[in-house]
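Asker: Below are the structure tokens for one structure; questions will follow.
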Amino acid sequence: MKKTPDYVKNAASVVPSERQIKWQQTEFYAFVHFGMNTFTDSEWGSGNESPSLFNPSKLDCRQWAKLFMLSGMKAMILTAKHHDGFCLWPSEYTDHSVKSSPWRNGRGDVVADCAAACKEFGLKFGIYVSPWDRHEESYGSGKDYDDYFVNQLTELCSDYGELFCVWFDGACGEGKDGKKQNYDWLRYYDVIRSLQPNATINICGPDVRWCGNEVGVCRKSEWSVVPYYYSDFELIKKENQIKSFHIPKNTSKMALDIGSRKRIKKCPELIWYPAEVDVSVRKGWFYHESDKYSVKPLNKIMDIYYNSVGSNACLLLNVPPNKEGKISSEDTDLLLSVGAQLDIEFNENLALGSTLTCDRCLDKEHDSQNIIDNPGDNYWHSGYDPDGSTLLLDLGDEYDIDKIVLGEHIRSGQQIERFTLYVKTGNKWNKLYNGTVIGYKKIIRFKEVRARYFKLVINKSRCFATLEKFEAY
Ligand code: FUL
């Protein structure tokens with residue numbers, strides 16, 4: 001039996017909530033930055049813009065949703081309100097919204113159109129709503145603004161069906177007359193939990209963390225179990241939840257290592273807090289005519305995909321609609337090719353129907369063959385002496401393979417810390433890849449090999465090892 005230090009056992013016992021699992025399975029989804037900034041050619045509006053400027057004459061949320069669906073995305077998050085305070089839905093609590101705009105004679109509702117389009121094309125729907133509001137008079141007043149914000153959140157969480165996510169960003173700037181607001185985060189969370197219990201609260205929230213940059217790269221080891229102090233600092237400070245705990249100096253959300261044994265050793269309180277990668281297909285988050293030539297090429301997006309979805313994170317890819325309210329042809333072409341490329345790359349899992357043997361498992365129910373024969377329902381469990389356990393994949397014949405996809409059974413926590421993948425060429429086992437985190441999904445890419453046998457060695461685990469995915473492409 002493996003001798004495991006207590007702090008490692010502690011890490012091994014942290015598991016995701018049901019809503020975090022559902023979110024993780026969403027994998028790849030669209031961010032839609034659309035609003036007043038689209039019409040003023042800016043990224044951060046001042047809040048003084050006239051609603052008369054908002055007029056997306058050909059608004060077509062169905063075009064967006066269809067495109068996202070075709071590109072392999074499973075959801076859409078819309079900026080219902082950005083920092084300028086202009087609401088894309090006819091909020092009862094302000095006139096600074098679509099209802100004061102010429103668009104559809106003030107009777108339109110972009111949030112409703114998006115929710116309906118998502119439903120039609122089988123996407124989940126989520127909202128970005130900025131607590132920072134540069135228009136609203138009460139901003140910076142304390143409770144009055146919190147009441148205002150909570151009222152708006154309540155509208156968004158009540159009137160548009162099921163939300164899979166509410167996305168809060170951390171920007172807290174000045175409002176009118178230089179006033180700043182101390183957000184009552186816990187109150188906001190309560191509203192979401194009571195009205196949308198299945199929605200994750202991302203970034204400035206307890207469920208999903210920011211990967212630490214906006215260029216689309218993850219850490220080499222993107223752990224899901226991390227010290228609690230990588231969740232919202234401001235909140236923790238405000239609530240004084242950390243009286244007895246120590247926050248090490250230089251703790252940054254951008255640090256390269258936030259979950260290794262070294263990092264978790266001195267922290268008594270660990271949380272399941274997986275990473276999301278947010279990045280725009282263009283230079284800006286909002287549409288700017290001049291960004292037309294900054295649309296990223298397909299291979300860049302595919303790299304981002306492999307480094308996020310393929311590295312235990314989710315990918316939130318921003319696609320900004322233009323002034324007409326449509327996604328421009330440059331972005332449309334790109335997204336369609338992303339969809340086509342993903343179809344090609346993951347066309348056929350050649351491990352289906354193959355043989356996957358293991359040198360140990362907890363019991364018959366957790367034999368590795370079950371994850372091939374009944375994927376989704378079963379997982380391999382090593383038993384409690386996991387280090388060095390070995391799985392052998394026999395494809396039955398030689399195939400050209402350039403990707404192996406692995407996934408832990410995250411309901412049982414994050415356990416695997418180090419692994420090596422080998423391929424058999426002739427009579428020799430050649431090393432293909434040395435890795436650390438597997439987590440929900442690890443896509444291992446390598447130069448195409450013609451091979452029949454692959455071997456996975458789990459070098460090091462926390463308490464045991466599990467796998468629910470073992471695929472070959
Ligand atoms: C940031 C915002 O300030 C940007 O405008 C954008 O919405 C980005 C996703 O989050 O914090």
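Letters A, B, ... go to the chains of the structure tokens in the order shown; residues in each chain start at 1; ligands are counted from 1 in the same order.
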Would you list the contacts of Val279 of chain A as an MDAnalysis selection string, taking every protein, DNA or RNA residue within 12 Å and counting only C-alpha atoms, but skipping same-chain residues closer than 6 positions in sequence?

Answerer: chainID A and resid 28:33 210:218 285:286 295:296 300:301 304:305 308 314:320

Asker: Next, write the just-selected residues to a file, as a tab-separated table (two decimals), in the first residue's frame, keeping N, CA, C and O atoms as the atom set.

Answerer:
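So the final result, stored in again.tsv, reads:
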chain	number	residue	atom	x	y	z
A	28	PHE	N	-15.65	23.84	-25.24
A	28	PHE	CA	-15.30	24.87	-26.22
A	28	PHE	C	-16.56	25.68	-26.51
A	28	PHE	O	-17.57	25.12	-26.93
A	29	TYR	N	-16.52	26.99	-26.25
A	29	TYR	CA	-17.72	27.80	-26.40
A	29	TYR	C	-17.36	29.24	-26.74
A	29	TYR	O	-16.23	29.68	-26.55
A	30	ALA	N	-18.38	29.95	-27.22
A	30	ALA	CA	-18.13	31.30	-27.77
A	30	ALA	C	-18.37	32.39	-26.74
A	30	ALA	O	-19.27	32.31	-25.92
A	31	PHE	N	-17.54	33.40	-26.84
A	31	PHE	CA	-17.70	34.64	-26.09
A	31	PHE	C	-18.18	35.64	-27.13
A	31	PHE	O	-17.60	35.73	-28.23
A	32	VAL	N	-19.24	36.38	-26.82
A	32	VAL	CA	-19.71	37.37	-27.78
A	32	VAL	C	-19.67	38.74	-27.13
A	32	VAL	O	-20.49	39.04	-26.26
A	33	HIS	N	-18.68	39.53	-27.50
A	33	HIS	CA	-18.62	40.91	-27.05
A	33	HIS	C	-19.37	41.76	-28.07
A	33	HIS	O	-18.94	41.92	-29.22
A	210	TRP	N	-9.73	32.07	-13.99
A	210	TRP	CA	-9.08	32.61	-15.18
A	210	TRP	C	-7.72	31.94	-15.30
A	210	TRP	O	-7.01	31.76	-14.30
A	211	CYS	N	-7.32	31.59	-16.54
A	211	CYS	CA	-6.04	30.90	-16.69
A	211	CYS	C	-4.87	31.86	-16.44
A	211	CYS	O	-3.74	31.42	-16.23
A	212	GLY	N	-5.13	33.15	-16.48
A	212	GLY	CA	-4.06	34.11	-16.13
A	212	GLY	C	-3.58	34.97	-17.26
A	212	GLY	O	-2.69	35.81	-17.06
A	213	ASN	N	-4.11	34.78	-18.47
A	213	ASN	CA	-3.71	35.64	-19.58
A	213	ASN	C	-4.84	35.64	-20.61
A	213	ASN	O	-5.77	34.84	-20.52
A	214	GLU	N	-4.73	36.57	-21.56
A	214	GLU	CA	-5.78	36.66	-22.59
A	214	GLU	C	-5.24	36.33	-23.99
A	214	GLU	O	-5.75	36.79	-24.99
A	215	VAL	N	-4.14	35.59	-24.02
A	215	VAL	CA	-3.57	35.25	-25.32
A	215	VAL	C	-3.79	33.78	-25.69
A	215	VAL	O	-3.38	33.34	-26.76
A	216	GLY	N	-4.44	33.05	-24.81
A	216	GLY	CA	-4.82	31.69	-25.18
A	216	GLY	C	-3.81	30.61	-24.82
A	216	GLY	O	-3.77	29.58	-25.48
A	217	VAL	N	-3.02	30.84	-23.78
A	217	VAL	CA	-2.11	29.75	-23.37
A	217	VAL	C	-2.39	29.31	-21.94
A	217	VAL	O	-2.70	30.12	-21.08
A	218	CYS	N	-2.24	28.03	-21.74
A	218	CYS	CA	-2.40	27.43	-20.42
A	218	CYS	C	-1.03	27.15	-19.84
A	218	CYS	O	-0.04	27.19	-20.55
A	285	TRP	N	-11.67	42.75	-28.08
A	285	TRP	CA	-12.81	41.94	-27.65
A	285	TRP	C	-14.05	42.34	-28.45
A	285	TRP	O	-14.88	41.51	-28.79
A	286	PHE	N	-14.17	43.66	-28.74
A	286	PHE	CA	-15.29	44.15	-29.53
A	286	PHE	C	-14.88	44.28	-31.00
A	286	PHE	O	-13.68	44.29	-31.32
A	295	VAL	N	-7.46	38.88	-37.59
A	295	VAL	CA	-8.12	37.59	-37.33
A	295	VAL	C	-7.06	36.49	-37.34
A	295	VAL	O	-6.28	36.37	-38.29
A	296	LYS	N	-7.06	35.70	-36.29
A	296	LYS	CA	-6.00	34.69	-36.15
A	296	LYS	C	-6.17	33.60	-37.21
A	296	LYS	O	-7.29	33.24	-37.56
A	300	LYS	N	-3.30	28.77	-35.54
A	300	LYS	CA	-3.16	29.41	-34.24
A	300	LYS	C	-4.34	29.00	-33.34
A	300	LYS	O	-4.17	28.64	-32.17
A	301	ILE	N	-5.54	29.02	-33.91
A	301	ILE	CA	-6.72	28.63	-33.12
A	301	ILE	C	-6.62	27.14	-32.71
A	301	ILE	O	-6.94	26.77	-31.59
A	304	ILE	N	-4.29	26.85	-29.87
A	304	ILE	CA	-4.96	27.31	-28.65
A	304	ILE	C	-5.91	26.22	-28.14
A	304	ILE	O	-5.98	25.94	-26.95
A	305	TYR	N	-6.62	25.61	-29.07
A	305	TYR	CA	-7.56	24.54	-28.71
A	305	TYR	C	-6.82	23.39	-27.99
A	305	TYR	O	-7.21	22.94	-26.92
A	308	SER	N	-5.66	24.28	-24.54
A	308	SER	CA	-6.67	24.56	-23.53
A	308	SER	C	-7.54	23.32	-23.33
A	308	SER	O	-7.37	22.57	-22.36
A	314	CYS	N	-11.03	24.77	-20.26
A	314	CYS	CA	-12.04	25.01	-21.30
A	314	CYS	C	-11.63	26.22	-22.11
A	314	CYS	O	-10.89	27.08	-21.63
A	315	LEU	N	-12.12	26.28	-23.33
A	315	LEU	CA	-11.76	27.39	-24.22
A	315	LEU	C	-12.98	28.27	-24.51
A	315	LEU	O	-13.98	27.81	-25.06
A	316	LEU	N	-12.86	29.54	-24.13
A	316	LEU	CA	-13.90	30.54	-24.38
A	316	LEU	C	-13.36	31.47	-25.46
A	316	LEU	O	-12.55	32.35	-25.19
A	317	LEU	N	-13.81	31.23	-26.68
A	317	LEU	CA	-13.24	31.94	-27.83
A	317	LEU	C	-14.15	33.10	-28.24
A	317	LEU	O	-15.32	32.89	-28.59
A	318	ASN	N	-13.61	34.30	-28.18
A	318	ASN	CA	-14.43	35.49	-28.46
A	318	ASN	C	-14.55	35.75	-29.96
A	318	ASN	O	-13.54	35.78	-30.69
A	319	VAL	N	-15.81	35.98	-30.39
A	319	VAL	CA	-16.09	36.28	-31.79
A	319	VAL	C	-17.02	37.50	-31.81
A	319	VAL	O	-18.20	37.37	-31.49
A	320	PRO	N	-16.51	38.68	-32.14
A	320	PRO	CA	-17.34	39.87	-32.03
A	320	PRO	C	-18.16	40.18	-33.27
A	320	PRO	O	-17.61	40.38	-34.36

Asker: Can you tell me which residues sit at most 12 Å away from ligand 1, counting only C-alpha atoms and all ligand atoms, written as a ChimeraX atom specification?

Answerer: /A:30-35,37-38,42-45,77-84,127-133,167-173,202-204,210,212-215,276-280,283-287,316-320

Asker: From the options A:Phe346, A:Trp89, A:Trp64, A:Trp380, which residue's atoms come nearest to Arg107 of chain A, counting only C-alpha atoms?

Answerer: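 Of the candidates, the smallest distance to Arg107 of chain A is held by A:Trp89.
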
Asker: Would you pick out the contacts of segment 347-349 of chain A at 6 Å or less, using only C-alpha atoms, so that residues sharing its chain but fewer than 2 positions from it are not included, and give the list as a PyMOL selection string?

Answerer: chain A and resi 343-345+351-352+471-473

Asker: Save the residues we just selected, C-alpha atoms, as a compact mmCIF listing (two decimals), in the first residue's frame?

Answerer:
# COMPACT_ATOMS: atom_id res chain seq x y z
CA ASP A 343 -14.02 16.94 -37.60
CA ILE A 344 -10.97 15.78 -39.50
CA GLU A 345 -8.74 15.54 -36.42
CA ALA A 351 -9.27 2.72 -29.92
CA LEU A 352 -12.95 1.78 -30.12
CA GLU A 471 -8.72 7.26 -27.30
CA ALA A 472 -6.50 7.14 -30.38
CA TYR A 473 -6.74 9.27 -33.58

Asker: Can you list every residue in segment 115-336 of chain A that DSSP puts in alpha helix (DSSP H), as a short mmCIF file (atom, residue, chain, number, x, y, z; two decimals) with C-alpha atoms, in the first residue's frame?

Answerer:
data_model
loop_
_atom_site.label_atom_id
_atom_site.label_comp_id
_atom_site.auth_asym_id
_atom_site.auth_seq_id
_atom_site.Cartn_x
_atom_site.Cartn_y
_atom_site.Cartn_z
CA ALA A 115 -31.28 32.67 -25.74
CA ALA A 116 -33.76 31.58 -28.42
CA ALA A 117 -31.03 31.05 -31.04
CA CYS A 118 -28.97 28.96 -28.63
CA LYS A 119 -31.97 26.79 -27.90
CA GLU A 120 -32.66 26.33 -31.61
CA LYS A 143 -26.01 49.25 -1.04
CA ASP A 144 -27.99 51.31 -3.55
CA TYR A 145 -25.84 50.13 -6.39
CA ASP A 146 -25.80 46.56 -5.10
CA ASP A 147 -29.61 46.67 -5.10
CA TYR A 148 -29.55 47.93 -8.68
CA PHE A 149 -27.10 45.25 -9.77
CA VAL A 150 -28.98 42.49 -7.96
CA ASN A 151 -32.21 43.59 -9.64
CA GLN A 152 -30.56 43.34 -13.03
CA LEU A 153 -29.00 39.99 -12.22
CA THR A 154 -32.42 38.79 -11.13
CA GLU A 155 -33.90 39.80 -14.48
CA LEU A 156 -31.14 38.02 -16.36
CA CYS A 157 -31.37 34.90 -14.22
CA SER A 158 -35.18 34.74 -14.41
CA TRP A 185 -20.09 39.48 -4.24
CA LEU A 186 -21.67 37.08 -1.81
CA ARG A 187 -25.04 38.69 -2.35
CA TYR A 188 -24.61 38.41 -6.12
CA TYR A 189 -23.67 34.74 -5.80
CA ASP A 190 -26.76 34.05 -3.70
CA VAL A 191 -29.01 35.41 -6.44
CA ILE A 192 -27.37 33.18 -9.04
CA ARG A 193 -27.37 30.09 -6.84
CA SER A 194 -31.04 30.47 -6.00
CA LEU A 195 -32.28 31.28 -9.53
CA PHE A 233 -8.64 37.67 -3.40
CA GLU A 234 -10.90 40.67 -3.02
CA LEU A 235 -13.73 38.52 -1.78
CA ILE A 236 -11.57 36.69 0.68
CA LYS A 237 -10.11 39.91 2.01
CA LYS A 238 -13.51 41.48 2.35
CA GLU A 239 -15.12 38.55 4.04
CA ARG A 261 2.89 19.31 -4.32
CA LYS A 262 5.25 22.15 -3.55
CA ARG A 263 2.44 24.67 -3.88
CA ILE A 264 -0.23 22.80 -1.94
CA LEU A 298 -6.61 28.45 -38.30
CA ASN A 299 -3.39 26.87 -37.05
CA LYS A 300 -3.16 29.41 -34.24
CA ILE A 301 -6.72 28.63 -33.12
CA MET A 302 -6.00 24.90 -33.31
CA ASP A 303 -2.89 25.37 -31.14
CA ILE A 304 -4.96 27.31 -28.65
CA TYR A 305 -7.56 24.54 -28.71
CA TYR A 306 -5.00 21.83 -27.98
CA ASN A 307 -3.37 23.92 -25.29
CA SER A 308 -6.67 24.56 -23.53
CA SER A 329 -17.02 36.90 -43.31
CA GLU A 330 -13.38 36.79 -42.05
CA ASP A 331 -14.52 35.33 -38.73
CA THR A 332 -17.15 33.13 -40.35
CA ASP A 333 -14.58 31.56 -42.66
CA LEU A 334 -12.23 30.96 -39.77
CA LEU A 335 -14.87 29.34 -37.55
CA LEU A 336 -16.12 27.09 -40.31
#

Asker: Could you give me, as a PDB file with all heavy atoms, in the first residue's frame, the residues within 7 Å of Ile401 of chain A, counting only C-alpha atoms and dropping anything in the same chain fewer than 2 positions from it?

Answerer:
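Okay, part-v9.pdb is ready:
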ATOM      1  N   TYR A 399      -2.180   1.229 -37.332  1.00  0.00           N
ATOM      2  CA  TYR A 399      -2.868   2.424 -37.842  1.00  0.00           C
ATOM      3  C   TYR A 399      -1.927   3.612 -37.767  1.00  0.00           C
ATOM      4  O   TYR A 399      -0.976   3.609 -36.981  1.00  0.00           O
ATOM      5  CB  TYR A 399      -4.118   2.731 -37.000  1.00  0.00           C
ATOM      6  CG  TYR A 399      -5.216   1.692 -37.141  1.00  0.00           C
ATOM      7  CD1 TYR A 399      -5.365   0.684 -36.186  1.00  0.00           C
ATOM      8  CD2 TYR A 399      -6.100   1.739 -38.213  1.00  0.00           C
ATOM      9  CE1 TYR A 399      -6.366  -0.271 -36.310  1.00  0.00           C
ATOM     10  CE2 TYR A 399      -7.105   0.783 -38.341  1.00  0.00           C
ATOM     11  CZ  TYR A 399      -7.232  -0.217 -37.386  1.00  0.00           C
ATOM     12  OH  TYR A 399      -8.222  -1.165 -37.509  1.00  0.00           O
ATOM     13  N   LYS A 403      -2.493  11.258 -32.296  1.00  0.00           N
ATOM     14  CA  LYS A 403      -3.036  11.813 -31.054  1.00  0.00           C
ATOM     15  C   LYS A 403      -3.554  10.701 -30.150  1.00  0.00           C
ATOM     16  O   LYS A 403      -4.233   9.783 -30.625  1.00  0.00           O
ATOM     17  CB  LYS A 403      -4.226  12.746 -31.341  1.00  0.00           C
ATOM     18  CG  LYS A 403      -3.852  14.085 -31.916  1.00  0.00           C
ATOM     19  CD  LYS A 403      -5.047  14.945 -32.187  1.00  0.00           C
ATOM     20  CE  LYS A 403      -5.899  14.497 -33.323  1.00  0.00           C
ATOM     21  NZ  LYS A 403      -5.345  14.434 -34.651  1.00  0.00           N
ATOM     22  N   GLU A 448       3.029  11.731 -36.477  1.00  0.00           N
ATOM     23  CA  GLU A 448       2.287  10.511 -36.815  1.00  0.00           C
ATOM     24  C   GLU A 448       3.167   9.263 -36.807  1.00  0.00           C
ATOM     25  O   GLU A 448       4.270   9.271 -37.356  1.00  0.00           O
ATOM     26  CB  GLU A 448       1.665  10.689 -38.196  1.00  0.00           C
ATOM     27  CG  GLU A 448       0.702   9.590 -38.556  1.00  0.00           C
ATOM     28  CD  GLU A 448      -0.016   9.929 -39.849  1.00  0.00           C
ATOM     29  OE1 GLU A 448      -0.994  10.683 -39.810  1.00  0.00           O
ATOM     30  OE2 GLU A 448       0.434   9.428 -40.904  1.00  0.00           O
ATOM     31  N   VAL A 449       2.651   8.204 -36.156  1.00  0.00           N
ATOM     32  CA  VAL A 449       3.375   6.925 -36.171  1.00  0.00           C
ATOM     33  C   VAL A 449       2.443   5.839 -36.699  1.00  0.00           C
ATOM     34  O   VAL A 449       1.230   5.892 -36.483  1.00  0.00           O
ATOM     35  CB  VAL A 449       3.851   6.495 -34.752  1.00  0.00           C
ATOM     36  CG1 VAL A 449       5.009   7.334 -34.279  1.00  0.00           C
ATOM     37  CG2 VAL A 449       2.700   6.529 -33.735  1.00  0.00           C
ATOM     38  N   ARG A 450       3.009   4.879 -37.394  1.00  0.00           N
ATOM     39  CA  ARG A 450       2.197   3.711 -37.786  1.00  0.00           C
ATOM     40  C   ARG A 450       2.442   2.659 -36.722  1.00  0.00           C
ATOM     41  O   ARG A 450       3.558   2.173 -36.558  1.00  0.00           O
ATOM     42  CB  ARG A 450       2.626   3.216 -39.164  1.00  0.00           C
ATOM     43  CG  ARG A 450       1.873   1.971 -39.575  1.00  0.00           C
ATOM     44  CD  ARG A 450       1.861   1.791 -41.061  1.00  0.00           C
ATOM     45  NE  ARG A 450       1.117   2.847 -41.739  1.00  0.00           N
ATOM     46  CZ  ARG A 450       0.887   2.854 -43.053  1.00  0.00           C
ATOM     47  NH1 ARG A 450       1.325   1.870 -43.812  1.00  0.00           N
ATOM     48  NH2 ARG A 450       0.214   3.832 -43.611  1.00  0.00           N
ATOM     49  N   ALA A 472      -7.632   7.007 -29.439  1.00  0.00           N
ATOM     50  CA  ALA A 472      -6.502   7.144 -30.382  1.00  0.00           C
ATOM     51  C   ALA A 472      -7.019   7.682 -31.717  1.00  0.00           C
ATOM     52  O   ALA A 472      -8.062   7.245 -32.228  1.00  0.00           O
ATOM     53  CB  ALA A 472      -5.845   5.784 -30.591  1.00  0.00           C
ATOM     54  N   TYR A 473      -6.327   8.674 -32.284  1.00  0.00           N
ATOM     55  CA  TYR A 473      -6.737   9.275 -33.576  1.00  0.00           C
ATOM     56  C   TYR A 473      -5.543   9.384 -34.513  1.00  0.00           C
ATOM     57  O   TYR A 473      -4.425   9.552 -34.066  1.00  0.00           O
ATOM     58  CB  TYR A 473      -7.314  10.665 -33.325  1.00  0.00           C
ATOM     59  CG  TYR A 473      -8.554  10.641 -32.471  1.00  0.00           C
ATOM     60  CD1 TYR A 473      -8.441  10.790 -31.091  1.00  0.00           C
ATOM     61  CD2 TYR A 473      -9.815  10.459 -33.025  1.00  0.00           C
ATOM     62  CE1 TYR A 473      -9.571  10.750 -30.279  1.00  0.00           C
ATOM     63  CE2 TYR A 473     -10.948  10.427 -32.218  1.00  0.00           C
ATOM     64  CZ  TYR A 473     -10.813  10.567 -30.856  1.00  0.00           C
ATOM     65  OH  TYR A 473     -11.934  10.539 -30.047  1.00  0.00           O
TER      66      TYR A 473
END

Asker: Choose the residue, out of A:Ser224, A:Asn10, A:Asn48, A:Ser57, that has the smallest atom-to-atom separation from Lys323 of chain A; count only C-alpha atoms.

Answerer: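 With only C-alpha atoms as the atom set, the closest residue is A:Ser57.
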
Asker: Among segment 293-445 of chain A, which residues does DSSP mark as strand (DSSP E or B) when it is run on the backbone? Keep the chain and numbering as in the structure and answer as number ranges by chain.

Answerer: A: 311, 313-318, 355-358, 380-381, 389-407, 416-425, 428-435, 442-445

Asker: With only C-alpha atoms as the basis for distance, which of A:Gln181, A:Asn55, A:Thr200, A:Thr4 is at the shortest distance from Asp385 of chain A?

Answerer: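 Checking each of A:Gln181, A:Asn55, A:Thr200, A:Thr4 against Asp385 of chain A, counting only C-alpha atoms, the winner is A:Thr4.
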
Asker: Go ahead and compute the interatomic distance for atom CA of Gln25 of chain A and atom CA of Phe446 of chain A, in Å to one decimal.

Answerer: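 For atom CA of Gln25 of chain A relative to atom CA of Phe446 of chain A, the distance reads 24.2 Å.
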
Asker: With a distance cut-off of 9 Å and only C-alpha atoms, select the neighbouring residues of Ile458 of chain A, excluding the residue or stretch itself and same-chain residues fewer than 6 positions from it, and output the selection as an NGL selection string.

Answerer: :A and (386-391 or 416-421 or 465)

Asker: Closest to Val338 of chain A among A:Gly175, A:Gly72, A:Gly108, A:Gly259, using only C-alpha atoms?

Answerer: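 Smallest separation from Val338 of chain A among the options: A:Gly72.
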
Asker: I'd like the neighbourhood of Gln414 of chain A as a ChimeraX atom specification, where a residue qualifies if any of its atoms comes within 10 Å (using only C-alpha atoms), though same-chain residues fewer than 3 positions away should be ignored.

Answerer: /A:11-16,223-225,272,408-411,417,437-440,461-466

Asker: When you count only C-alpha atoms, which of these residues is closest to His288 of chain A: A:Ser354, A:Ser260, A:Ser328, A:Asn459?

Answerer: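 Nearest to His288 of chain A: A:Ser328.
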